[in-house]
file query_30.csv (CSV, C-alpha atoms)
chain,number,residue,atom,x,y,z
O,1,MET,CA,-80.3,-41.7,-6.7
O,2,ARG,CA,-77.1,-40.0,-5.6
O,3,LYS,CA,-76.0,-40.7,-2.0
O,4,ILE,CA,-73.0,-38.6,-0.9
O,5,VAL,CA,-71.5,-37.4,2.3
O,6,LEU,CA,-68.8,-34.8,2.2
O,7,ALA,CA,-67.4,-34.1,5.7
O,8,SER,CA,-65.0,-31.4,6.9
O,9,THR,CA,-62.8,-33.8,8.9
O,10,SER,CA,-62.4,-37.5,9.7
O,11,THR,CA,-61.7,-37.0,13.5
O,12,LEU,CA,-63.0,-34.6,16.1
O,13,SER,CA,-60.8,-33.6,19.0
O,14,GLY,CA,-61.0,-36.3,21.7
O,15,GLU,CA,-62.9,-38.8,19.6
O,16,GLU,CA,-62.0,-41.9,17.6
O,17,TYR,CA,-61.5,-41.9,13.8
O,18,LEU,CA,-64.8,-41.3,12.0
O,19,ALA,CA,-66.8,-41.7,15.3
O,20,TYR,CA,-68.9,-38.6,14.9
O,21,LEU,CA,-69.9,-39.7,11.4
O,22,GLY,CA,-71.1,-43.1,12.5
O,23,PRO,CA,-74.8,-42.6,12.1
O,24,ALA,CA,-74.3,-40.9,8.7
O,25,ILE,CA,-72.0,-43.7,7.5
O,26,ARG,CA,-74.3,-46.5,8.6
O,27,GLU,CA,-77.2,-44.8,6.7
O,28,LEU,CA,-75.0,-44.1,3.6
O,29,PHE,CA,-73.7,-47.6,3.3
O,30,ALA,CA,-76.7,-49.5,4.5
O,31,GLY,CA,-76.8,-53.0,3.0
O,32,ILE,CA,-73.4,-52.8,1.5
O,33,PRO,CA,-70.9,-55.3,2.9
O,34,GLU,CA,-67.7,-54.0,1.4
O,35,ILE,CA,-66.4,-50.7,0.0
O,36,VAL,CA,-63.3,-49.5,-1.8
O,37,PHE,CA,-61.1,-47.0,0.1
O,38,ILE,CA,-59.0,-44.5,-1.8
O,39,PRO,CA,-55.9,-43.8,0.3
O,40,TYR,CA,-53.9,-41.6,-2.1
O,41,ALA,CA,-54.0,-38.4,0.0
O,42,ARG,CA,-51.7,-40.1,2.5
O,43,PRO,CA,-52.0,-37.8,5.6
O,44,GLY,CA,-48.7,-37.3,7.4
O,45,GLY,CA,-47.0,-39.3,4.6
O,46,ILE,CA,-48.2,-42.7,5.9
O,47,SER,CA,-48.3,-45.7,3.6
O,48,HIS,CA,-51.4,-46.7,1.6
O,49,ASP,CA,-51.5,-49.9,3.6
O,50,GLU,CA,-51.4,-48.1,7.0
O,51,TYR,CA,-54.1,-45.7,5.9
O,52,THR,CA,-56.3,-48.5,4.6
O,53,ALA,CA,-55.9,-50.4,7.9
O,54,ARG,CA,-57.0,-47.3,9.8
O,55,ALA,CA,-60.2,-47.1,7.7
O,56,ALA,CA,-60.8,-50.8,7.9
O,57,GLU,CA,-60.7,-50.8,11.7
O,58,ALA,CA,-63.2,-48.0,11.9
O,59,PHE,CA,-65.6,-49.5,9.3
O,60,GLY,CA,-65.3,-52.9,11.0
O,61,GLU,CA,-67.3,-51.5,13.9
O,62,TRP,CA,-70.2,-51.2,11.5
O,63,GLY,CA,-69.8,-54.6,9.9
O,64,ILE,CA,-68.4,-53.1,6.6
O,65,ALA,CA,-65.3,-54.5,5.0
O,66,VAL,CA,-62.8,-52.1,3.4
O,67,LYS,CA,-60.3,-52.8,0.6
O,68,GLY,CA,-57.7,-50.3,-0.5
O,69,LEU,CA,-57.8,-49.2,-4.1
O,70,HIS,CA,-54.0,-49.5,-4.3
O,71,THR,CA,-54.3,-53.3,-3.8
O,72,PHE,CA,-56.2,-54.0,-7.0
O,73,PRO,CA,-54.3,-55.0,-10.2
O,74,ASP,CA,-56.6,-52.7,-12.2
O,75,PRO,CA,-57.9,-49.7,-10.3
O,76,GLU,CA,-60.3,-48.8,-13.1
O,77,VAL,CA,-62.0,-52.2,-12.9
O,78,ALA,CA,-62.1,-51.9,-9.1
O,79,ILE,CA,-63.9,-48.5,-9.3
O,80,ARG,CA,-66.4,-50.0,-11.8
O,81,HIS,CA,-67.2,-53.0,-9.7
O,82,ALA,CA,-67.2,-51.4,-6.2
O,83,LYS,CA,-70.5,-51.0,-4.4
O,84,GLY,CA,-69.4,-47.9,-2.5
O,85,TYR,CA,-66.4,-45.6,-1.9
O,86,PHE,CA,-64.6,-43.7,0.8
O,87,THR,CA,-61.8,-41.2,0.1
O,88,GLY,CA,-59.9,-40.1,3.2
O,89,GLY,CA,-58.2,-36.8,4.0
O,90,GLY,CA,-54.6,-35.8,3.6
O,91,ASN,CA,-53.0,-33.7,0.8
O,92,THR,CA,-55.5,-32.8,-1.9
O,93,PHE,CA,-52.8,-32.0,-4.5
O,94,LEU,CA,-51.4,-35.6,-4.1
O,95,LEU,CA,-54.9,-37.1,-4.2
O,96,VAL,CA,-55.9,-35.2,-7.3
O,97,LYS,CA,-52.7,-35.9,-9.1
O,98,GLN,CA,-53.0,-39.7,-8.6
O,99,LEU,CA,-56.6,-39.8,-9.6
O,100,HIS,CA,-55.9,-38.0,-12.8
O,101,ASN,CA,-52.8,-39.9,-13.6
O,102,LEU,CA,-54.7,-43.2,-13.2
O,103,LYS,CA,-57.6,-41.7,-15.3
O,104,LEU,CA,-60.0,-42.3,-12.4
O,105,MET,CA,-61.5,-38.9,-11.6
O,106,ASP,CA,-64.2,-38.8,-14.3
O,107,LEU,CA,-64.9,-42.5,-13.8
O,108,LEU,CA,-65.4,-42.2,-10.1
O,109,ALA,CA,-67.6,-39.2,-10.6
O,110,ALA,CA,-69.8,-41.2,-13.1
O,111,GLU,CA,-70.1,-44.1,-10.8
O,112,VAL,CA,-71.2,-41.8,-7.9
O,113,GLU,CA,-73.6,-39.9,-10.1
O,114,GLY,CA,-75.0,-43.3,-11.1
O,115,GLY,CA,-76.0,-43.9,-7.5
O,116,LYS,CA,-73.1,-45.6,-5.7
O,117,PRO,CA,-72.6,-44.1,-2.2
O,118,TYR,CA,-69.6,-41.9,-1.7
O,119,LEU,CA,-68.0,-40.7,1.6
O,120,GLY,CA,-65.3,-38.1,1.6
O,121,THR,CA,-63.5,-36.4,4.4
O,122,SER,CA,-61.3,-33.3,4.1
O,123,ALA,CA,-59.3,-33.9,0.9
O,124,GLY,CA,-61.8,-36.6,-0.1
O,125,SER,CA,-64.5,-33.9,0.3
O,126,ASN,CA,-62.5,-31.4,-1.7
O,127,ILE,CA,-62.7,-33.6,-4.8
O,128,GLY,CA,-66.5,-33.5,-4.6
O,129,GLY,CA,-66.5,-29.9,-5.6
O,130,VAL,CA,-66.1,-28.2,-8.9
O,131,ASN,CA,-62.3,-27.9,-8.5
O,132,MET,CA,-59.7,-28.3,-5.8
O,133,GLN,CA,-58.6,-24.6,-5.8
O,134,THR,CA,-60.0,-23.8,-2.3
O,135,THR,CA,-58.0,-26.5,-0.5
O,136,ASN,CA,-55.8,-25.5,2.5
O,137,ASP,CA,-53.1,-27.9,1.5
O,138,MET,CA,-49.5,-27.3,0.4
O,139,PRO,CA,-48.9,-27.9,-3.3
O,140,ILE,CA,-46.3,-30.7,-2.8
O,141,VAL,CA,-47.0,-32.1,-6.3
O,142,LEU,CA,-48.4,-30.6,-9.5
O,143,PRO,CA,-51.6,-32.3,-10.7
O,144,PRO,CA,-52.3,-32.4,-14.5
O,145,SER,CA,-55.6,-30.6,-13.7
O,146,PHE,CA,-57.3,-29.0,-10.8
O,147,GLN,CA,-60.7,-30.3,-12.0
O,148,THR,CA,-62.4,-32.6,-9.6
O,149,MET,CA,-65.7,-34.5,-9.6
O,150,ASN,CA,-68.2,-31.7,-9.6
O,151,LEU,CA,-70.7,-33.7,-7.5
O,152,VAL,CA,-71.9,-30.4,-6.0
O,153,PRO,CA,-72.1,-27.0,-7.8
O,154,PHE,CA,-69.6,-25.3,-5.5
O,155,ASN,CA,-66.2,-25.7,-3.9
O,156,LEU,CA,-65.4,-26.6,-0.3
O,157,ASN,CA,-63.0,-25.3,2.2
O,158,PRO,CA,-62.9,-28.0,4.9
O,159,HIS,CA,-61.6,-27.3,8.4
O,160,TYR,CA,-62.9,-23.7,8.0
O,161,LEU,CA,-61.7,-21.5,10.8
O,162,ASP,CA,-63.0,-18.1,11.8
O,163,PRO,CA,-60.6,-15.4,12.9
O,164,ILE,CA,-59.7,-15.6,16.6
O,165,PRO,CA,-60.5,-12.2,18.4
O,166,GLY,CA,-57.5,-10.7,20.0
O,167,LEU,CA,-55.0,-12.9,18.3
O,168,ASN,CA,-52.1,-10.8,17.0
O,169,HIS,CA,-51.7,-12.7,13.7
O,170,MET,CA,-51.0,-10.7,10.7
O,171,GLY,CA,-51.2,-13.5,8.1
O,172,GLU,CA,-54.2,-14.2,5.9
O,173,THR,CA,-57.4,-15.7,7.2
O,174,ARG,CA,-59.4,-18.4,5.4
O,175,GLU,CA,-61.8,-15.6,4.4
O,176,THR,CA,-59.0,-13.6,2.9
O,177,ARG,CA,-57.8,-16.5,0.8
O,178,ILE,CA,-61.3,-17.3,-0.5
O,179,ARG,CA,-61.8,-13.6,-1.4
O,180,GLU,CA,-58.6,-13.9,-3.4
O,181,PHE,CA,-60.0,-17.0,-5.2
O,182,HIS,CA,-63.1,-15.0,-6.1
O,183,THR,CA,-61.0,-12.4,-7.9
O,184,GLN,CA,-60.3,-15.2,-10.5
O,185,GLN,CA,-63.3,-17.5,-10.4
O,186,ASN,CA,-67.0,-17.2,-9.7
O,187,ILE,CA,-67.6,-20.7,-8.1
O,188,PRO,CA,-69.3,-20.4,-4.7
O,189,VAL,CA,-67.4,-21.7,-1.7
O,190,VAL,CA,-68.7,-23.4,1.4
O,191,GLY,CA,-66.6,-22.9,4.5
O,192,LEU,CA,-67.2,-26.2,6.3
O,193,ARG,CA,-66.5,-26.2,10.0
O,194,GLU,CA,-65.3,-29.2,12.0
O,195,GLY,CA,-68.1,-31.5,12.9
O,196,SER,CA,-70.2,-30.6,9.9
O,197,TRP,CA,-70.9,-32.4,6.7
O,198,ILE,CA,-72.8,-32.0,3.4
O,199,ALA,CA,-75.4,-34.7,2.7
O,200,VAL,CA,-76.6,-35.3,-0.9
O,201,GLU,CA,-79.6,-37.3,-1.7
O,202,GLY,CA,-80.7,-37.2,-5.3
O,203,THR,CA,-80.9,-33.5,-6.2
O,204,GLU,CA,-81.1,-32.3,-2.5
O,205,ILE,CA,-78.0,-30.9,-0.9
O,206,ALA,CA,-78.1,-30.2,2.8
O,207,LEU,CA,-75.8,-29.0,5.6
O,208,ARG,CA,-75.7,-31.5,8.4
O,209,GLY,CA,-74.1,-31.4,11.9
O,210,PRO,CA,-74.1,-28.9,14.7
O,211,HIS,CA,-72.6,-25.9,13.0
O,212,SER,CA,-73.5,-23.3,10.5
O,213,ALA,CA,-71.4,-22.9,7.3
O,214,ARG,CA,-69.8,-19.8,5.9
O,215,ILE,CA,-71.0,-19.2,2.4
O,216,PHE,CA,-68.8,-17.2,-0.1
O,217,LYS,CA,-70.0,-15.9,-3.5
O,218,ALA,CA,-68.1,-13.7,-5.8
O,219,GLY,CA,-69.2,-10.1,-5.6
O,220,HIS,CA,-71.2,-10.6,-2.3
O,221,GLU,CA,-70.5,-10.4,1.4
O,222,PRO,CA,-70.1,-13.8,3.1
O,223,TYR,CA,-73.0,-15.1,5.1
O,224,GLU,CA,-73.9,-17.9,7.5
O,225,LEU,CA,-76.1,-20.8,6.5
O,226,ALA,CA,-77.7,-22.5,9.5
O,227,ALA,CA,-77.2,-26.2,10.2
O,228,GLY,CA,-79.9,-28.1,8.2
O,229,GLY,CA,-79.9,-25.4,5.5
O,230,ASN,CA,-80.4,-26.1,1.8
O,231,LEU,CA,-77.1,-25.8,-0.1
O,232,SER,CA,-78.8,-26.3,-3.5
O,233,LEU,CA,-79.9,-22.7,-3.3
O,234,ILE,CA,-76.6,-20.9,-2.7

call {"tool": "encode", "arguments": {"input": "query_30.csv", "output": "structure tokens"}}
result
Amino acid sequence: MRKIVLASTSTLSGEEYLAYLGPAIRELFAGIPEIVFIPYARPGGISHDEYTARAAEAFGEWGIAVKGLHTFPDPEVAIRHAKGYFTGGGNTFLLVKQLHNLKLMDLLAAEVEGGKPYLGTSAGSNIGGVNMQTTNDMPIVLPPSFQTMNLVPFNLNPHYLDPIPGLNHMGETRETRIREFHTQQNIPVVGLREGSWIAVEGTEIALRGPHSARIFKAGHEPYELAAGGNLSLI
């Protein structure tokens, strides 16, 4: 049975790294002593070692060991043998490029579809969608493909922000950018607010956390899906 958590962010303001996801993480990786961490998104340009250390410190609180994928001599073998996965946030273009270059995107998807638990935050959640084309990130590299794992039948826009009333900002809002996307593609998009996540168990896909999500579908007005809502039906 598929077991997946796709979170909008790794860290809420004023909290420790992954703290708000603690209960979901413990449930997701119950009985698993070690997972593989995929550090390729490199937030702020930090090294793979530094990023892995951050993840290892957090997971250590739950008695789960973490090993960075970059430390294995053969990443493909590491993905096949791992018991579970965590892909952190950062730059989605960089993450997707590396996974495709190493020929790991389809392999990782197959392992997760086969029942191995997967946690993604931000960029790591983006790659759970159909493609990465609703990311907020700068295109600092060119991936060979925008295709991602297609674990859920929609795209994500993590860190989704609503327009701020009274702000004299003339630039595009997130909603504007997603409407632009829908002039070219028909894939639904879930605007995932900070503190919320998507939980997949088998064929069930649900919105978890304290906030509603903004749902965008080509040719339709956006609408709100309440926390706890069924994302299988959008």

call {"tool": "atom_distance", "arguments": {"input": "query_30.csv", "atom1": "atom CA of O:Leu231", "atom2": "atom CA of O:Pro23"}}
result
20.9 Å

call {"tool": "closest_residue", "arguments": {"input": "query_30.csv", "among": "O:Trp197, O:Tyr51, O:Phe146, O:Tyr85", "to": "O:Gln98", "atoms": "only C-alpha atoms"}}
result
O:Phe146

call {"tool": "closest_residue", "arguments": {"input": "query_30.csv", "among": "O:Ala82, O:Ile234, O:Ile198, O:Val77", "to": "O:Pro117", "atoms": "only C-alpha atoms"}}
result
O:Ala82

call {"tool": "residues_around", "arguments": {"input": "query_30.csv", "residues": "O:Gly44", "least_positions_apart": "5", "cutoff": "12 Å", "atoms": "only C-alpha atoms", "output": "PyMOL selection string"}}
result
chain O and resi 50-51+89-91+94+137

call {"tool": "atom_distance", "arguments": {"input": "query_30.csv", "atom1": "atom CA of O:Pro143", "atom2": "atom CA of O:Asn101"}}
result
8.2 Å

call {"tool": "residues_around", "arguments": {"input": "query_30.csv", "residues": "O:Ala55", "least_positions_apart": "4", "cutoff": "8 Å", "atoms": "all atoms listed in the file", "output": "MDAnalysis selection string"}}
result
chainID O and resid 37 51 59 66

call {"tool": "residues_around", "arguments": {"input": "query_30.csv", "residues": "O:Phe154", "least_positions_apart": "5", "cutoff": "7 Å", "atoms": "all atoms listed in the file", "output": "list in words"}}
result
Gly129, Val130, Ile187, Pro188 and Val189 of chain O

call {"tool": "atom_distance", "arguments": {"input": "query_30.csv", "atom1": "atom CA of O:Arg2", "atom2": "atom CA of O:Lys103"}}
result
21.8 Å

call {"tool": "residues_around", "arguments": {"input": "query_30.csv", "residues": "stretch 200-213 of chain O", "least_positions_apart": "5", "cutoff": "7 Å", "atoms": "only C-alpha atoms", "output": "NGL selection string"}}
result
:O and (1-5 or 190-193 or 195 or 224-232)

call {"tool": "closest_residue", "arguments": {"input": "query_30.csv", "among": "O:Ile164, O:Ala7, O:Ala109, O:Ile35", "to": "O:Ala65", "atoms": "only C-alpha atoms"}}
result
O:Ile35

call {"tool": "closest_residue", "arguments": {"input": "query_30.csv", "among": "O:Ile178, O:Leu151, O:Val141, O:Met132", "to": "O:Gly115", "atoms": "all atoms listed in the file"}}
result
O:Leu151

call {"tool": "closest_residue", "arguments": {"input": "query_30.csv", "among": "O:Ala58, O:Leu95, O:Leu119, O:Leu21", "to": "O:Ala41", "atoms": "only C-alpha atoms"}}
result
O:Leu95

call {"tool": "closest_residue", "arguments": {"input": "query_30.csv", "among": "O:Lys217, O:Arg42, O:His70, O:Lys97", "to": "O:Arg179", "atoms": "only C-alpha atoms"}}
result
O:Lys217

call {"tool": "residues_near_point", "arguments": {"input": "query_30.csv", "point": "(-58.4, -41.0, -2.6)", "cutoff": "8 Å", "atoms": "only C-alpha atoms", "output": "list of chain:residue names"}}
result
O:Phe37, O:Ile38, O:Pro39, O:Tyr40, O:Ala41, O:Phe86, O:Thr87, O:Gly88, O:Gly89, O:Leu95, O:Val96, O:Leu99, O:Ala123, O:Gly124

call {"tool": "build_atoms", "arguments": {"input": "query_30.csv", "residues": "stretch 182-194 of chain O", "atoms": "N, CA and C atoms", "output": "compact mmCIF listing (two decimals), in the frame of the given file"}}
result
# COMPACT_ATOMS: atom_id res chain seq x y z
N HIS O 182 -61.95 -15.56 -5.39
CA HIS O 182 -63.10 -15.00 -6.10
C HIS O 182 -62.67 -13.77 -6.98
N THR O 183 -61.43 -13.36 -6.93
CA THR O 183 -61.00 -12.40 -7.90
C THR O 183 -60.69 -13.07 -9.26
N GLN O 184 -60.61 -14.40 -9.25
CA GLN O 184 -60.30 -15.20 -10.50
C GLN O 184 -61.40 -16.08 -10.92
N GLN O 185 -62.26 -16.52 -10.01
CA GLN O 185 -63.30 -17.50 -10.40
C GLN O 185 -64.60 -17.13 -9.65
N ASN O 186 -65.72 -17.56 -10.24
CA ASN O 186 -67.00 -17.20 -9.70
C ASN O 186 -67.70 -18.40 -8.97
N ILE O 187 -66.99 -19.48 -8.75
CA ILE O 187 -67.60 -20.70 -8.10
C ILE O 187 -67.85 -20.36 -6.64
N PRO O 188 -69.07 -20.59 -6.16
CA PRO O 188 -69.30 -20.40 -4.70
C PRO O 188 -68.47 -21.36 -3.89
N VAL O 189 -68.20 -20.96 -2.65
CA VAL O 189 -67.40 -21.70 -1.70
C VAL O 189 -68.11 -21.91 -0.41
N VAL O 190 -68.12 -23.14 0.09
CA VAL O 190 -68.70 -23.40 1.40
C VAL O 190 -67.59 -23.63 2.40
N GLY O 191 -67.52 -22.75 3.40
CA GLY O 191 -66.60 -22.90 4.50
C GLY O 191 -67.18 -23.89 5.50
N LEU O 192 -66.65 -25.11 5.52
CA LEU O 192 -67.20 -26.20 6.30
C LEU O 192 -66.48 -26.40 7.58
N ARG O 193 -67.15 -26.11 8.70
CA ARG O 193 -66.50 -26.20 10.00
C ARG O 193 -66.41 -27.62 10.52
N GLU O 194 -65.47 -27.84 11.45
CA GLU O 194 -65.30 -29.20 12.00
C GLU O 194 -66.54 -29.69 12.65
